[in-house]
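Trainee: Contents are compact mmCIF, C-alpha atoms and all ligand atoms; file name protein_0.txt:
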# COMPACT_ATOMS: atom_id res chain seq x y z
CA MET A 2 280.20 78.02 9.05
CA MET A 3 283.29 77.84 6.87
CA PHE A 4 286.73 78.88 8.08
CA LYS A 5 286.96 81.65 5.46
CA THR A 6 283.70 83.19 6.72
CA HIS A 7 284.91 83.13 10.31
CA ARG A 8 288.19 84.68 9.20
CA ILE A 9 286.72 87.54 7.17
CA PHE A 10 284.13 88.23 9.90
CA ILE A 11 286.74 88.53 12.66
CA ILE A 12 288.89 90.86 10.54
CA LEU A 13 285.85 93.12 10.12
CA PHE A 14 285.07 92.73 13.83
CA CYS A 15 288.63 93.87 14.72
CA LEU A 16 288.21 96.99 12.57
CA VAL A 17 284.89 97.75 14.23
CA VAL A 18 286.53 97.31 17.64
CA TYR A 19 289.23 99.71 16.49
CA LEU A 20 286.59 102.29 15.51
CA ASN A 21 285.05 101.77 18.95
CA PRO A 22 281.42 102.71 18.20
CA TYR A 23 279.53 104.14 21.20
CA ASN A 24 282.73 103.58 23.22
CA LEU A 25 281.71 99.92 23.51
CA PHE A 26 285.29 98.76 23.42
CA ASN A 27 286.89 101.24 25.82
CA TRP A 28 287.91 98.24 27.92
CA ILE A 29 290.47 97.26 25.28
CA SER A 30 293.52 99.48 24.87
CA LEU A 31 294.24 99.08 21.19
CA PRO A 32 297.49 99.79 19.39
CA ASN A 33 297.58 101.92 16.23
CA LEU A 34 295.86 100.43 13.19
CA PHE A 35 299.02 100.22 11.10
CA SER A 36 301.32 99.00 13.85
CA PHE A 37 302.92 95.59 14.22
CA GLU A 38 300.97 95.16 17.48
CA PHE A 39 297.65 95.58 15.67
CA LEU A 40 298.71 92.95 13.14
CA ILE A 41 299.45 90.57 16.02
CA PHE A 42 296.06 91.53 17.53
CA ILE A 43 294.30 90.50 14.31
CA LEU A 44 296.35 87.30 13.92
CA ILE A 45 295.51 86.22 17.48
CA ALA A 46 291.83 87.00 16.86
CA ILE A 47 291.89 84.94 13.62
CA PHE A 48 293.58 82.06 15.43
CA ALA A 49 291.01 82.23 18.26
CA SER A 50 288.20 82.23 15.70
CA MET A 51 289.48 78.80 14.54
CA VAL A 52 289.81 77.27 18.01
CA PRO A 53 286.16 76.23 18.66
CA ASP A 54 286.21 73.96 15.59
CA ILE A 55 289.07 71.99 17.11
CA ASP A 56 286.24 69.63 18.11
CA ASN A 57 285.71 68.80 14.43
CA PRO A 58 288.40 66.41 13.06
CA SER A 59 287.88 67.72 9.52
CA SER A 60 288.30 71.44 10.36
CA LYS A 61 291.48 73.42 9.63
CA LEU A 62 292.75 73.18 13.20
CA GLY A 63 290.97 69.95 14.16
CA LYS A 64 292.67 67.84 11.51
CA ASN A 65 296.06 68.56 13.06
CA VAL A 66 294.94 67.59 16.55
CA LYS A 67 292.29 64.97 15.87
CA ILE A 68 292.20 63.79 19.47
CA PHE A 69 289.90 66.72 20.40
CA GLY A 70 287.42 65.71 17.72
CA TYR A 71 287.31 62.16 19.04
CA VAL A 72 286.98 63.12 22.69
CA PHE A 73 284.61 66.10 22.39
CA LYS A 74 281.30 66.27 20.58
CA HIS A 75 281.26 68.76 17.70
CA ARG A 76 279.53 71.97 18.80
CA GLY A 77 279.52 70.82 22.40
CA PHE A 78 281.79 72.25 25.08
CA PHE A 79 284.17 74.03 22.68
CA HIS A 80 281.26 76.00 21.26
CA SER A 81 280.13 77.44 24.57
CA LEU A 82 280.55 80.40 26.88
CA PRO A 83 282.31 78.34 29.60
CA ALA A 84 284.97 77.35 27.00
CA LEU A 85 285.31 80.97 25.84
CA LEU A 86 285.90 82.12 29.43
CA LEU A 87 288.21 79.24 30.34
CA PHE A 88 290.46 79.48 27.28
CA SER A 89 290.53 83.29 27.36
CA TRP A 90 291.56 83.13 31.00
CA ILE A 91 294.30 80.56 30.26
CA PHE A 92 295.47 82.64 27.28
CA SER A 93 295.49 85.84 29.38
CA ASN A 94 298.06 84.24 31.68
CA PHE A 95 300.57 84.13 28.82
CA VAL A 96 300.01 87.50 27.14
CA ASN A 97 298.94 91.06 27.96
CA ASN A 98 295.31 92.15 28.36
CA THR A 99 295.06 93.55 24.83
CA TYR A 100 296.04 90.24 23.22
CA ALA A 101 293.82 88.33 25.64
CA ALA A 102 290.95 90.57 24.45
CA ALA A 103 291.85 89.69 20.83
CA PHE A 104 291.59 86.00 21.74
CA ALA A 105 288.23 86.46 23.51
CA LEU A 106 286.82 88.49 20.59
CA GLY A 107 287.95 85.92 18.04
CA TYR A 108 286.43 83.08 20.02
CA PHE A 109 283.22 85.03 20.60
CA SER A 110 282.89 85.90 16.91
CA HIS A 111 283.02 82.19 16.03
CA LEU A 112 280.26 81.37 18.50
CA LEU A 113 278.19 84.28 17.24
CA LEU A 114 278.34 83.10 13.61
CA ASP A 115 277.72 79.42 14.45
CA ASN A 116 274.76 80.56 16.51
CA LEU A 117 273.12 81.77 13.29
CA THR A 118 273.10 78.31 11.70
CA HIS A 119 270.34 75.66 11.98
CA GLN A 120 272.62 73.52 14.05
CA GLY A 121 273.06 76.33 16.59
CA ILE A 122 275.21 76.08 19.71
CA TYR A 123 274.80 75.42 23.42
CA TRP A 124 276.01 78.75 24.88
CA LEU A 125 275.66 77.42 28.41
CA TYR A 126 276.97 73.89 27.84
CA PRO A 127 276.47 71.39 29.53
CA PHE A 128 272.94 72.81 29.86
CA LYS A 129 270.98 71.52 26.89
CA PHE A 130 269.59 74.88 25.91
CA ARG A 131 270.42 75.40 22.27
CA VAL A 132 270.26 78.74 20.49
CA LYS A 133 270.01 78.40 16.75
CA GLY A 134 269.30 80.42 13.64
CA ILE A 135 268.07 79.66 10.17
CA VAL A 136 271.29 79.89 8.18
CA LYS A 137 272.62 76.88 6.28
CA SER A 138 276.40 76.34 6.57
CA ASN A 139 278.01 77.24 3.24
CA GLY A 140 274.60 78.25 1.86
CA TRP A 141 273.67 81.45 0.02
CA PHE A 142 273.46 83.57 3.18
CA GLU A 143 276.97 82.62 4.19
CA LYS A 144 278.30 83.41 0.72
CA ILE A 145 276.61 86.84 0.76
CA LEU A 146 277.87 87.47 4.30
CA PHE A 147 281.42 86.75 3.14
CA TYR A 148 281.27 89.37 0.37
CA VAL A 149 279.46 91.93 2.54
CA CYS A 150 282.22 91.60 5.17
CA LEU A 151 284.88 91.92 2.48
CA LEU A 152 283.25 95.05 1.07
CA LEU A 153 282.86 96.62 4.53
CA ILE A 154 286.52 95.89 5.32
CA LEU A 155 287.60 97.66 2.13
CA ILE A 156 285.33 100.65 2.86
CA LEU A 157 286.57 100.92 6.48
CA LEU A 158 290.20 100.68 5.38
CA LEU A 159 289.67 103.43 2.83
CA LEU A 160 288.06 105.61 5.49
CA LEU A 161 290.81 104.90 8.00
CA ILE A 162 293.78 105.52 5.72
ZN ZN B 1 282.12 76.09 14.79
As structure tokens, please, write out the structure in this file.
Mentor:
Amino acid sequence: MMFKTHRIFIILFCLVVYLNPYNLFNWISLPNLFSFEFLIFILIAIFASMVPDIDNPSSKLGKNVKIFGYVFKHRGFFHSLPALLLFSWIFSNFVNNTYAAAFALGYFSHLLLDNLTHQGIYWLYPFKFRVKGIVKSNGWFEKILFYVCLLLILILLLLLI
């Protein structure tokens, strides 16, 4: 999936986490929606949603640190649950639990979206069990998804203001 789709999706995801449907996200103590801390929360989540594609030398993040793309297979380790847990744990050693949760959510949202594509991902890498969907990267579904997320973000913001 494209960077812009991952970005819009994680922004929507953060708003949903903020609304905390069915108390699913009680484990995260979130700051106020219009606080500086929430802005940082979203920025960390957006950053984390870019991290898995570091294994692709032509991605936004990957082109600045090409070494990862040469060493790791695209959609291999970096697109897996072990990577999500490892990097979230490393990240949590530098920041508080709330920001570590933002990182984990951002990373997870990337895996979730890539999971929908034909190419799929290996959630349990190095086990060769691939979960894949039927969506074509940058195809019509992705374009619709982008605008649906944008619309939902606007609606949620209007409701929350
Ligand atoms: Zn990816």
Trainee: I'd like the neighbourhood of A:Leu161 as a PyMOL selection string, where a residue qualifies if any of its atoms comes within 10 Å (using all atoms listed in the file), though same-chain residues fewer than 4 positions away should be ignored.
Mentor: chain A and resi 16+20+34-35+155-157
Trainee: Taking all atoms listed in the file into account, which of A:Ile91, A:Phe147, A:Val96, A:Leu82 comes nearest A:Phe128?
Mentor: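 So, comparing all the options, the nearest one is A:Leu82.
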Trainee: Tell me which of A:Leu87, A:Ala46, A:Cys150, A:Met3 sits closest to ligand ZN 1 (chain B), counting all atoms listed in the file.
Mentor: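 Among the listed residues, A:Met3 lies closest to ligand ZN 1 (chain B).
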Trainee: For ligand ZN 1 (chain B), which of A:Ile154, A:Ala105, A:Val52, A:Ile68 is the closest residue, counting all atoms listed in the file?
Mentor: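 Checking each candidate against ligand ZN 1 (chain B), we get A:Val52 as the closest.
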Trainee: Between A:Tyr148, A:Phe79, A:Phe69, A:Phe26, which is the closest to ligand ZN 1 (chain B) once you count only C-alpha atoms and all ligand atoms?
Mentor: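 Nearest to ligand ZN 1 (chain B): A:Phe79.
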Trainee: Residues at most 8 Å from ligand ZN 1 (chain B), using only C-alpha atoms and all ligand atoms? Could they come as a PyMOL selection string?
Mentor: chain A and resi 2+51+53-54+75-76+80+111-112+115
Trainee: Which protein, DNA or RNA residues are at most 12 Å from (288.5, 62.4, 22.7) in the file's coordinates when you count all atoms listed in the file, listed as a PyMOL selection string?
Mentor: chain A and resi 55-58+63+66-75
Trainee: Which distance in Å separates atom CA of A:Tyr126 and atom CA of A:Arg8, to one decimal?
Mentor: 24.3 Å
Trainee: Atom CA of A:Pro83 and atom CA of A:Tyr23, how far apart in Å?
Mentor: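 A separation of 27.3 Å between them.
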Trainee: Quick one: pull the distance between atom CA of A:Tyr100 and atom CA of A:Ile45, Å, one decimal.
Mentor: 7.0 Å
Trainee: Any idea what's packed within 7 Å of A:Leu117, counting all atoms listed in the file, ignoring anything in its chain fewer than 2 positions away? Could you give it as a ChimeraX atom specification?
Mentor: /A:113-115,119,121,133-136
Trainee: Could the residues in this selection be saved with C-alpha atoms as a short mmCIF file (atom, residue, chain, number, x, y, z; two decimals), in the coordinates of the input?
Mentor:
data_model
loop_
_atom_site.label_atom_id
_atom_site.label_comp_id
_atom_site.auth_asym_id
_atom_site.auth_seq_id
_atom_site.Cartn_x
_atom_site.Cartn_y
_atom_site.Cartn_z
CA LEU A 113 278.19 84.28 17.24
CA LEU A 114 278.34 83.10 13.61
CA ASP A 115 277.72 79.42 14.45
CA HIS A 119 270.34 75.66 11.98
CA GLY A 121 273.06 76.33 16.59
CA LYS A 133 270.01 78.40 16.75
CA GLY A 134 269.30 80.42 13.64
CA ILE A 135 268.07 79.66 10.17
CA VAL A 136 271.29 79.89 8.18
#
Trainee: My list of candidates is A:Ile11, A:Ala84, A:Leu151, A:Ala103. Which is closest to A:Trp28 when distances are computed with only C-alpha atoms?
Mentor: A:Ala103
Trainee: Return the single residue from A:Val132, A:Ile9, A:Ala49, A:Leu125 that is closest to A:Phe92, with distances computed using all atoms listed in the file.
Mentor: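 Distance minimum relative to A:Phe92 lands on A:Ala49.
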Trainee: What are the centre and edge lengths in Å, to one decimal, of the axis-aligned box around all listed atoms of stretch 23-36 of chain A with 5 Å added on each side, as lines of an AutoDock Vina configuration file?
Mentor:
center_x = 290.4
center_y = 100.7
center_z = 19.5
size_x = 31.8
size_y = 16.9
size_z = 26.8
